[in-house]
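K.L.:
Once you've had a glance at the structure underneath, I'll fire off some questions.
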Amino acid sequence: MKVIGLTGGIASGKSTVSMLLRNKGAAIIDADEISREILRPGKPAWKAVIDCFGRGILCDNENIDRKKLGSIVFSDSAELEKLNRITHPAIMEEIKKRLDYYRKKREKIVVIDAALLLELGLNSMVDEVWLVAVDEKTQLKRLLARERGMSYKDAMNRIKAQMPLEEKVKMADKIIDNSGNIEETGRKIDELWRDIIRQC
């Protein structure tokens, strides 16, 4: 089984690349989806987050309001660290479970789609790191377009809370420049997919 770690900064287009790889037949382990699952009402991580940040971050249906929580943690690195200490171990555990599942199923190619792949040290669990890269100006423009109502300051806080692109580049095996259109990105994915299939 070949395991690819797919990462990239917020609004870099990582989800688009993940979708293209899924369409090729890759099994996807989506860390963002897992982070939502572990924070469902009643789950241990949900309880721990409420204990830490208070019930003011809850919606009427008891779900955590991710925007409210985000405005707290992305403006204060100490608060972000508190959240990470709660959520990261649970996310890591679930990723390992899913990797084991796909190994037993004898999947050929599995992609761990995780914005914090390098920060979490998940690169030690993969064969290759693929980085989706865009410049900060493009990243900011896309983030503000995607998150209607988000302020420039909040958007920059989210971008700056992640590892700088130049640091990620040093740790990546393949760079996917996603500053162009989806057709250009698609051609790059076709090329990378052909290479990875030959290795299986």
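Each chain in the structure tokens gets a letter, A, B and so on, in the order shown; residues start at 1 in every chain, and ligands are counted from 1 in the order they appear.
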Please tabulate, as JSON lines, the residues of range 59-175 of chain A that come within 12 Å of range 191-200 of chain A, each with its closest pair of atoms and the distance in Å to one decimal, counting only C-alpha atoms and ordering rows by chain, then residue number upward.
P.N.:
```
{"residue": "A:Arg106", "atom": "CA", "partner": "A:Cys200", "partner_atom": "CA", "distance": 11.6}
{"residue": "A:Glu107", "atom": "CA", "partner": "A:Cys200", "partner_atom": "CA", "distance": 10.4}
{"residue": "A:Lys108", "atom": "CA", "partner": "A:Cys200", "partner_atom": "CA", "distance": 6.8}
{"residue": "A:Ile109", "atom": "CA", "partner": "A:Cys200", "partner_atom": "CA", "distance": 8.1}
{"residue": "A:Val110", "atom": "CA", "partner": "A:Ile196", "partner_atom": "CA", "distance": 11.1}
{"residue": "A:Val111", "atom": "CA", "partner": "A:Ile196", "partner_atom": "CA", "distance": 11.7}
{"residue": "A:Asp127", "atom": "CA", "partner": "A:Ile196", "partner_atom": "CA", "distance": 10.5}
{"residue": "A:Glu128", "atom": "CA", "partner": "A:Ile196", "partner_atom": "CA", "distance": 9.8}
{"residue": "A:Val129", "atom": "CA", "partner": "A:Leu192", "partner_atom": "CA", "distance": 11.9}
{"residue": "A:Trp130", "atom": "CA", "partner": "A:Leu192", "partner_atom": "CA", "distance": 9.6}
{"residue": "A:Asp173", "atom": "CA", "partner": "A:Leu192", "partner_atom": "CA", "distance": 11.2}
{"residue": "A:Lys174", "atom": "CA", "partner": "A:Leu192", "partner_atom": "CA", "distance": 8.5}
{"residue": "A:Ile175", "atom": "CA", "partner": "A:Leu192", "partner_atom": "CA", "distance": 10.1}
```
K.L.:
Can you write just those residues out, N, CA and C atoms, as a short mmCIF file (atom, residue, chain, number, x, y, z; two decimals), in the first residue's frame?
P.N.:
```cif
data_model
loop_
_atom_site.label_atom_id
_atom_site.label_comp_id
_atom_site.auth_asym_id
_atom_site.auth_seq_id
_atom_site.Cartn_x
_atom_site.Cartn_y
_atom_site.Cartn_z
N ARG A 106 -6.33 -4.09 1.59
CA ARG A 106 -5.33 -4.14 0.52
C ARG A 106 -5.53 -3.04 -0.53
N GLU A 107 -5.86 -1.85 -0.03
CA GLU A 107 -5.95 -0.68 -0.93
C GLU A 107 -4.56 -0.42 -1.51
N LYS A 108 -4.52 0.03 -2.77
CA LYS A 108 -3.22 0.31 -3.40
C LYS A 108 -2.68 1.68 -2.98
N ILE A 109 -3.56 2.70 -3.04
CA ILE A 109 -3.11 4.07 -2.75
C ILE A 109 -4.06 4.73 -1.76
N VAL A 110 -3.49 5.20 -0.66
CA VAL A 110 -4.26 5.91 0.37
C VAL A 110 -3.66 7.30 0.52
N VAL A 111 -4.54 8.30 0.58
CA VAL A 111 -4.11 9.69 0.76
C VAL A 111 -4.58 10.18 2.12
N ASP A 127 4.57 7.64 2.67
CA ASP A 127 5.69 7.36 1.77
C ASP A 127 6.16 8.62 1.05
N GLU A 128 5.22 9.51 0.77
CA GLU A 128 5.55 10.77 0.08
C GLU A 128 4.66 11.88 0.62
N VAL A 129 5.22 13.10 0.67
CA VAL A 129 4.44 14.29 1.03
C VAL A 129 4.21 15.11 -0.23
N TRP A 130 2.93 15.34 -0.54
CA TRP A 130 2.56 16.19 -1.67
C TRP A 130 2.01 17.50 -1.10
N ASP A 173 7.92 16.16 -0.89
CA ASP A 173 8.52 15.38 -1.98
C ASP A 173 8.04 15.87 -3.33
N LYS A 174 6.78 16.31 -3.38
CA LYS A 174 6.21 16.82 -4.63
C LYS A 174 5.47 18.13 -4.32
N ILE A 175 5.65 19.11 -5.21
CA ILE A 175 4.95 20.41 -5.07
C ILE A 175 3.92 20.52 -6.18
#
```
K.L.:
Could you name the residues that touch Arg187 in chain A at 12 Å or less, counting only C-alpha atoms, but leaving out those on the same chain fewer than 2 positions away, as a ChimeraX atom specification?
P.N.:
/A:17,20-21,176-178,180-185,189-194
K.L.:
Those same residues - N, CA and C atoms - I'd like them written as a PDB file, in the first residue's frame.
P.N.:
```pdb
ATOM      1  N   VAL A  17      -7.605  19.167  -4.909  1.00  0.00           N
ATOM      2  CA  VAL A  17      -6.635  18.129  -5.270  1.00  0.00           C
ATOM      3  C   VAL A  17      -7.058  16.788  -4.681  1.00  0.00           C
ATOM      4  N   LEU A  20      -9.737  15.331  -6.825  1.00  0.00           N
ATOM      5  CA  LEU A  20      -9.176  14.795  -8.074  1.00  0.00           C
ATOM      6  C   LEU A  20      -8.540  13.426  -7.836  1.00  0.00           C
ATOM      7  N   LEU A  21      -7.863  13.269  -6.699  1.00  0.00           N
ATOM      8  CA  LEU A  21      -7.226  11.992  -6.362  1.00  0.00           C
ATOM      9  C   LEU A  21      -8.270  10.927  -6.029  1.00  0.00           C
ATOM     10  N   ILE A 176       2.671  20.811  -5.783  1.00  0.00           N
ATOM     11  CA  ILE A 176       1.590  21.011  -6.752  1.00  0.00           C
ATOM     12  C   ILE A 176       1.234  22.498  -6.738  1.00  0.00           C
ATOM     13  N   ASP A 177       1.665  23.209  -7.774  1.00  0.00           N
ATOM     14  CA  ASP A 177       1.374  24.644  -7.876  1.00  0.00           C
ATOM     15  C   ASP A 177      -0.101  24.794  -8.265  1.00  0.00           C
ATOM     16  N   ASN A 178      -0.886  25.350  -7.360  1.00  0.00           N
ATOM     17  CA  ASN A 178      -2.325  25.477  -7.605  1.00  0.00           C
ATOM     18  C   ASN A 178      -2.738  26.944  -7.782  1.00  0.00           C
ATOM     19  N   GLY A 180      -2.920  28.389 -10.668  1.00  0.00           N
ATOM     20  CA  GLY A 180      -3.612  28.533 -11.953  1.00  0.00           C
ATOM     21  C   GLY A 180      -5.040  28.019 -11.880  1.00  0.00           C
ATOM     22  N   ASN A 181      -5.537  27.516 -13.007  1.00  0.00           N
ATOM     23  CA  ASN A 181      -6.920  27.004 -13.048  1.00  0.00           C
ATOM     24  C   ASN A 181      -6.944  25.499 -12.778  1.00  0.00           C
ATOM     25  N   ILE A 182      -8.155  24.966 -12.647  1.00  0.00           N
ATOM     26  CA  ILE A 182      -8.305  23.551 -12.266  1.00  0.00           C
ATOM     27  C   ILE A 182      -7.793  22.612 -13.365  1.00  0.00           C
ATOM     28  N   GLU A 183      -7.844  23.056 -14.627  1.00  0.00           N
ATOM     29  CA  GLU A 183      -7.337  22.218 -15.715  1.00  0.00           C
ATOM     30  C   GLU A 183      -5.828  22.015 -15.571  1.00  0.00           C
ATOM     31  N   GLU A 184      -5.108  23.095 -15.226  1.00  0.00           N
ATOM     32  CA  GLU A 184      -3.653  23.001 -15.042  1.00  0.00           C
ATOM     33  C   GLU A 184      -3.324  22.090 -13.863  1.00  0.00           C
ATOM     34  N   THR A 185      -4.070  22.250 -12.782  1.00  0.00           N
ATOM     35  CA  THR A 185      -3.864  21.394 -11.604  1.00  0.00           C
ATOM     36  C   THR A 185      -4.174  19.940 -11.963  1.00  0.00           C
ATOM     37  N   ILE A 189      -1.850  16.539 -11.570  1.00  0.00           N
ATOM     38  CA  ILE A 189      -2.298  15.353 -10.824  1.00  0.00           C
ATOM     39  C   ILE A 189      -2.237  14.113 -11.718  1.00  0.00           C
ATOM     40  N   ASP A 190      -2.619  14.258 -12.991  1.00  0.00           N
ATOM     41  CA  ASP A 190      -2.521  13.134 -13.940  1.00  0.00           C
ATOM     42  C   ASP A 190      -1.082  12.606 -13.992  1.00  0.00           C
ATOM     43  N   GLU A 191      -0.157  13.536 -14.067  1.00  0.00           N
ATOM     44  CA  GLU A 191       1.271  13.179 -14.159  1.00  0.00           C
ATOM     45  C   GLU A 191       1.754  12.474 -12.879  1.00  0.00           C
ATOM     46  N   LEU A 192       1.402  13.032 -11.716  1.00  0.00           N
ATOM     47  CA  LEU A 192       1.799  12.433 -10.444  1.00  0.00           C
ATOM     48  C   LEU A 192       1.153  11.072 -10.246  1.00  0.00           C
ATOM     49  N   TRP A 193      -0.104  10.949 -10.685  1.00  0.00           N
ATOM     50  CA  TRP A 193      -0.832   9.681 -10.536  1.00  0.00           C
ATOM     51  C   TRP A 193      -0.175   8.581 -11.379  1.00  0.00           C
ATOM     52  N   ARG A 194       0.206   8.925 -12.595  1.00  0.00           N
ATOM     53  CA  ARG A 194       0.880   7.930 -13.452  1.00  0.00           C
ATOM     54  C   ARG A 194       2.156   7.431 -12.784  1.00  0.00           C
TER      55      ARG A 194
END
```
K.L.:
Between CA of Ala78 in chain A and CA of Leu117 in chain A, what is the distance, to one decimal in Å?
P.N.:
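So the answer is 20.3 Å.
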K.L.:
What is the CA of Val132 in chain A-CA of Met19 in chain A distance in Å, reported with one decimal?
P.N.:
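If I compute the distance from CA of Val132 in chain A to CA of Met19 in chain A, I get 12.9 Å.
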K.L.:
Which residue is closest to Ile86 in chain A? Choose from A:Ala45, A:Leu116, A:Leu69, A:Leu58 and count only C-alpha atoms.
P.N.:
A:Ala45
K.L.:
I'd like the neighbourhood of Ile112 in chain A as number ranges by chain, where a residue qualifies if any of its atoms comes within 10 Å (using only C-alpha atoms), though same-chain residues fewer than 2 positions away should be ignored.
P.N.:
A: 3-7, 18, 27-31, 95, 98-99, 110, 114-115, 117, 122-123, 125-126, 129
K.L.:
For the selection you just gave me, I'd like the residues written to a file as a short mmCIF file (atom, residue, chain, number, x, y, z; two decimals), in the first residue's frame, keeping C-alpha atoms.
P.N.:
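Written file, result_38.cif:
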```
data_model
loop_
_atom_site.label_atom_id
_atom_site.label_comp_id
_atom_site.auth_asym_id
_atom_site.auth_seq_id
_atom_site.Cartn_x
_atom_site.Cartn_y
_atom_site.Cartn_z
CA VAL A 3 0.48 6.21 1.47
CA ILE A 4 0.57 9.82 0.29
CA GLY A 5 0.41 12.72 2.70
CA LEU A 6 -1.45 15.62 1.06
CA THR A 7 -1.06 19.00 2.71
CA SER A 18 -8.02 15.59 -2.80
CA ALA A 27 -8.81 6.06 -0.72
CA ILE A 28 -8.95 9.35 1.19
CA ILE A 29 -8.49 9.85 4.92
CA ASP A 30 -9.77 13.39 5.51
CA ALA A 31 -8.36 14.89 8.73
CA ILE A 95 -6.12 8.31 11.22
CA ARG A 98 -8.31 4.11 9.13
CA LEU A 99 -4.84 3.33 7.79
CA VAL A 110 -4.26 5.91 0.37
CA ALA A 114 -4.37 16.97 6.34
CA ALA A 115 -3.60 20.70 6.51
CA LEU A 117 0.21 16.90 8.25
CA LEU A 122 2.08 12.56 10.21
CA ASN A 123 4.77 12.73 7.51
CA MET A 125 3.48 7.68 8.49
CA VAL A 126 3.53 8.37 4.73
CA VAL A 129 4.44 14.29 1.03
#
```
K.L.:
Just the number, please: distance in Å from CA of Ala161 in chain A to CA of Ala48 in chain A, one decimal.
P.N.:
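Computing the Euclidean distance for CA of Ala161 in chain A and CA of Ala48 in chain A yields 21.9 Å.
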K.L.:
Can you work out which one of A:Pro164, A:Gly149, A:Gly8, A:Pro89 has the shortest atom-to-atom distance to Ser35 in chain A, counting only C-alpha atoms?
P.N.:
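Ranked by minimum distance to Ser35 in chain A, first place goes to A:Pro89.
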K.L.:
With distances taken over only C-alpha atoms, which of A:Met171, A:Ile38, A:Lys43, A:Gly25 is nearest to His88 in chain A?
P.N.:
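Smallest distance to His88 in chain A is found for A:Ile38.
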K.L.:
Extract the full set of strand (DSSP E) residues from chain A according to DSSP on the backbone, and format it as a list of chain:residue names.
P.N.:
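Result set for chain A (strand (DSSP E)): A:Lys2, A:Val3, A:Ile4, A:Gly5, A:Leu6, A:Thr7, A:Gly8, A:Ala27, A:Ile28, A:Ile29, A:Asp30, A:Ile109, A:Val110, A:Val111, A:Ile112, A:Asp113, A:Glu128, A:Val129, A:Trp130, A:Leu131, A:Val132, A:Ala133, A:Lys174, A:Ile175, A:Ile176, A:Asp177.
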K.L.:
Near Gly9 in chain A, within 7 Å and counting only C-alpha atoms, which residues show up once chain neighbours fewer than 2 positions away are dropped, as a PyMOL selection string?
P.N.:
chain A and resi 11-12+115+162
K.L.:
Got time to write the residues from that selection, C-alpha atoms, as an mmCIF file, in the first residue's frame?
P.N.:
```
data_model
loop_
_atom_site.group_PDB
_atom_site.id
_atom_site.type_symbol
_atom_site.label_atom_id
_atom_site.label_comp_id
_atom_site.auth_asym_id
_atom_site.auth_seq_id
_atom_site.Cartn_x
_atom_site.Cartn_y
_atom_site.Cartn_z
ATOM 1 C CA ALA A 11 -7.469 28.085 0.936
ATOM 2 C CA SER A 12 -4.610 26.604 -1.099
ATOM 3 C CA ALA A 115 -3.603 20.699 6.508
ATOM 4 C CA GLN A 162 -0.010 27.632 10.039
#
```
K.L.:
Could you tell me which of A:Leu165, A:Leu131, A:Leu118, A:Arg158 comes closest to Leu144 in chain A if we count only C-alpha atoms?
P.N.:
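Under the stated criterion, the closest residue is A:Arg158.
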K.L.:
Pick out each residue of chain A that DSSP on the backbone tags as alpha helix (DSSP H); I need them as an MDAnalysis selection string.
P.N.:
chainID A and resid 14:24 31:38 44:53 66:73 77:104 136:146 152:160 165:171 182:199
